[in-house]
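Trainee: The structure is given below, and queries will be raised subsequently.
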Amino acid sequence: MNKQSLIWLFGLLFVAVVLAVATWFSLNETASRSLKESAAGVALTEPGETALYTDLSGNSLDLSNYLGKILIVHSWASWCPQCVTELQFLDQLGLEYQDRLQVLAINRAEPAATAERYLAAVAAGDRIKFLLDPADHFYTSNNGYAMPETIVYEESGAIVLHVHGEIDKVELKTRLEELLSE
């Protein structure tokens, strides 16, 4: 091969690499935008400067880190009698499915001290990420009307199950098995 052919070949290779990288970034940006605009993205994130959610210690949390995973999000409050057994059940699911899904339990606008006392009495384990939602954003953004409320999101952020009231444990496990086998 002569020098001019090599230069031409490297030029074409360079253009192909640049186009491949540009396409990859474009697809990633589109996927990221789709996740933020999904049902999970709208409910768990909020554009702006104020943090919607905190942990029990008051530290702000960015829930966009959980987008793109299978999520179970459970709205709970200390005055909800069904929440006791449901939080314990969700903790068991967190143990059973460990790295395959994330369980978030979002408290409905109660003070941290109230939530902490309740959780100590419930004895829910550490496989659930407990959050405080002082503005009750999650519950209202999902048109909540019963307690507790449990929503299962697939990786795309779409809702695959929304339970108003008490969870049917068999139905939830069946839906999770379907999701996790895909």
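In the structure tokens, the first chain shown is A, the next is B, and so on; residue numbers restart at 1 for each chain, and ligands run from 1 in the order shown.
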Extract the full set of alpha helix (DSSP H) residues from segment 115-150 of chain A according to DSSP on the backbone, and format it as a list in words.
Mentor: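 Written out, the alpha helix (DSSP H) residues of segment 115-150 of chain A are Ala115, Glu116, Arg117, Tyr118, Leu119, Ala120, Ala121, Val122, His137, Phe138, Tyr139, Thr140 and Ser141 of chain A.
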Trainee: Just write the chosen residues, N, CA and C atoms, as a PDB file, in the first residue's frame.
Mentor:
```
ATOM      1  N   ALA A 115     -40.816   9.220  62.186  1.00  0.00           N
ATOM      2  CA  ALA A 115     -40.478   8.111  61.286  1.00  0.00           C
ATOM      3  C   ALA A 115     -39.480   7.159  61.946  1.00  0.00           C
ATOM      4  N   GLU A 116     -38.482   7.690  62.618  1.00  0.00           N
ATOM      5  CA  GLU A 116     -37.469   6.846  63.266  1.00  0.00           C
ATOM      6  C   GLU A 116     -38.071   5.992  64.372  1.00  0.00           C
ATOM      7  N   ARG A 117     -38.942   6.583  65.210  1.00  0.00           N
ATOM      8  CA  ARG A 117     -39.596   5.806  66.274  1.00  0.00           C
ATOM      9  C   ARG A 117     -40.431   4.674  65.686  1.00  0.00           C
ATOM     10  N   TYR A 118     -41.169   4.989  64.653  1.00  0.00           N
ATOM     11  CA  TYR A 118     -42.009   3.984  63.996  1.00  0.00           C
ATOM     12  C   TYR A 118     -41.154   2.852  63.430  1.00  0.00           C
ATOM     13  N   LEU A 119     -40.100   3.194  62.724  1.00  0.00           N
ATOM     14  CA  LEU A 119     -39.249   2.174  62.103  1.00  0.00           C
ATOM     15  C   LEU A 119     -38.551   1.313  63.145  1.00  0.00           C
ATOM     16  N   ALA A 120     -38.204   1.889  64.288  1.00  0.00           N
ATOM     17  CA  ALA A 120     -37.596   1.095  65.361  1.00  0.00           C
ATOM     18  C   ALA A 120     -38.595   0.065  65.888  1.00  0.00           C
ATOM     19  N   ALA A 121     -39.856   0.453  65.983  1.00  0.00           N
ATOM     20  CA  ALA A 121     -40.889  -0.466  66.469  1.00  0.00           C
ATOM     21  C   ALA A 121     -41.232  -1.535  65.422  1.00  0.00           C
ATOM     22  N   VAL A 122     -41.192  -1.167  64.153  1.00  0.00           N
ATOM     23  CA  VAL A 122     -41.525  -2.087  63.073  1.00  0.00           C
ATOM     24  C   VAL A 122     -40.418  -3.117  62.880  1.00  0.00           C
ATOM     25  N   HIS A 137     -44.342  14.916  47.910  1.00  0.00           N
ATOM     26  CA  HIS A 137     -44.256  14.975  46.441  1.00  0.00           C
ATOM     27  C   HIS A 137     -44.554  13.632  45.787  1.00  0.00           C
ATOM     28  N   PHE A 138     -43.930  12.576  46.276  1.00  0.00           N
ATOM     29  CA  PHE A 138     -44.082  11.279  45.619  1.00  0.00           C
ATOM     30  C   PHE A 138     -45.544  10.839  45.599  1.00  0.00           C
ATOM     31  N   TYR A 139     -46.177  10.874  46.755  1.00  0.00           N
ATOM     32  CA  TYR A 139     -47.562  10.416  46.872  1.00  0.00           C
ATOM     33  C   TYR A 139     -48.486  11.230  45.963  1.00  0.00           C
ATOM     34  N   THR A 140     -48.354  12.535  45.990  1.00  0.00           N
ATOM     35  CA  THR A 140     -49.241  13.372  45.190  1.00  0.00           C
ATOM     36  C   THR A 140     -48.918  13.286  43.700  1.00  0.00           C
ATOM     37  N   SER A 141     -47.649  13.096  43.340  1.00  0.00           N
ATOM     38  CA  SER A 141     -47.297  13.019  41.918  1.00  0.00           C
ATOM     39  C   SER A 141     -47.810  11.736  41.282  1.00  0.00           C
TER      40      SER A 141
END
```
Trainee: Using only C-alpha atoms, determine which residues lie at most 6 Å from Pro148 of chain A, disregarding the query and same-chain residues fewer than 4 positions distant; provide the list as a PyMOL selection string.
Mentor: chain A and resi 75-76+165
Trainee: In terms of the shortest atom-to-atom distance over only C-alpha atoms, which of A:Ala112, A:Asp91, A:Ser38, A:His74 is closest to Val163 of chain A?
Mentor: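 Answer, going by the shortest atom-to-atom distance: A:His74.
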Trainee: Point out the residue among A:Met147, A:Ala105, A:Leu71, A:Ile159 with the least atom-to-atom distance to Gln88 of chain A, counting only C-alpha atoms.
Mentor: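 Comparing A:Met147, A:Ala105, A:Leu71, A:Ile159 against Gln88 of chain A, the winner is A:Ala105.
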Trainee: Pick from A:Glu96, A:Glu86, A:Asp62, A:Asp136: nearest to Glu177 of chain A, with only C-alpha atoms counted?
Mentor: A:Glu96
Trainee: Smallest atom-to-atom distance to Gly144 of chain A: which of A:Arg108, A:Val160, A:Thr174, A:Leu95, using only C-alpha atoms?
Mentor: A:Arg108
Trainee: For Glu171 of chain A, please output as a PyMOL selection string all residues within 12 Å (counting only C-alpha atoms; exclusion window: fewer than 4 positions along the same chain).
Mentor: chain A and resi 152+160-163+166-167+175-178
Trainee: How many Å separate atom CA of Asn65 of chain A from atom CA of Gln102 of chain A?
Mentor: 11.0 Å
Trainee: Counting only C-alpha atoms, which of A:Leu101, A:Ile106, A:Ala124, A:Leu67 gets nearest to Val84 of chain A?
Mentor: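 Going through A:Leu101, A:Ile106, A:Ala124, A:Leu67 one by one, the smallest distance to Val84 of chain A is for A:Ala124.
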Trainee: Select, from A:Ile72, A:Thr85, A:Ser78, A:Phe130, the residue with the minimum atom-to-atom distance to Val103 of chain A, counting only C-alpha atoms.
Mentor: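 Nearest to Val103 of chain A: A:Ile72.
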Trainee: Could you jot down the atom CA of Arg127 of chain A to atom CA of Asp55 of chain A separation for me, Å, one decimal place?
Mentor: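 About the pair atom CA of Arg127 of chain A and atom CA of Asp55 of chain A: they are 14.2 Å apart.
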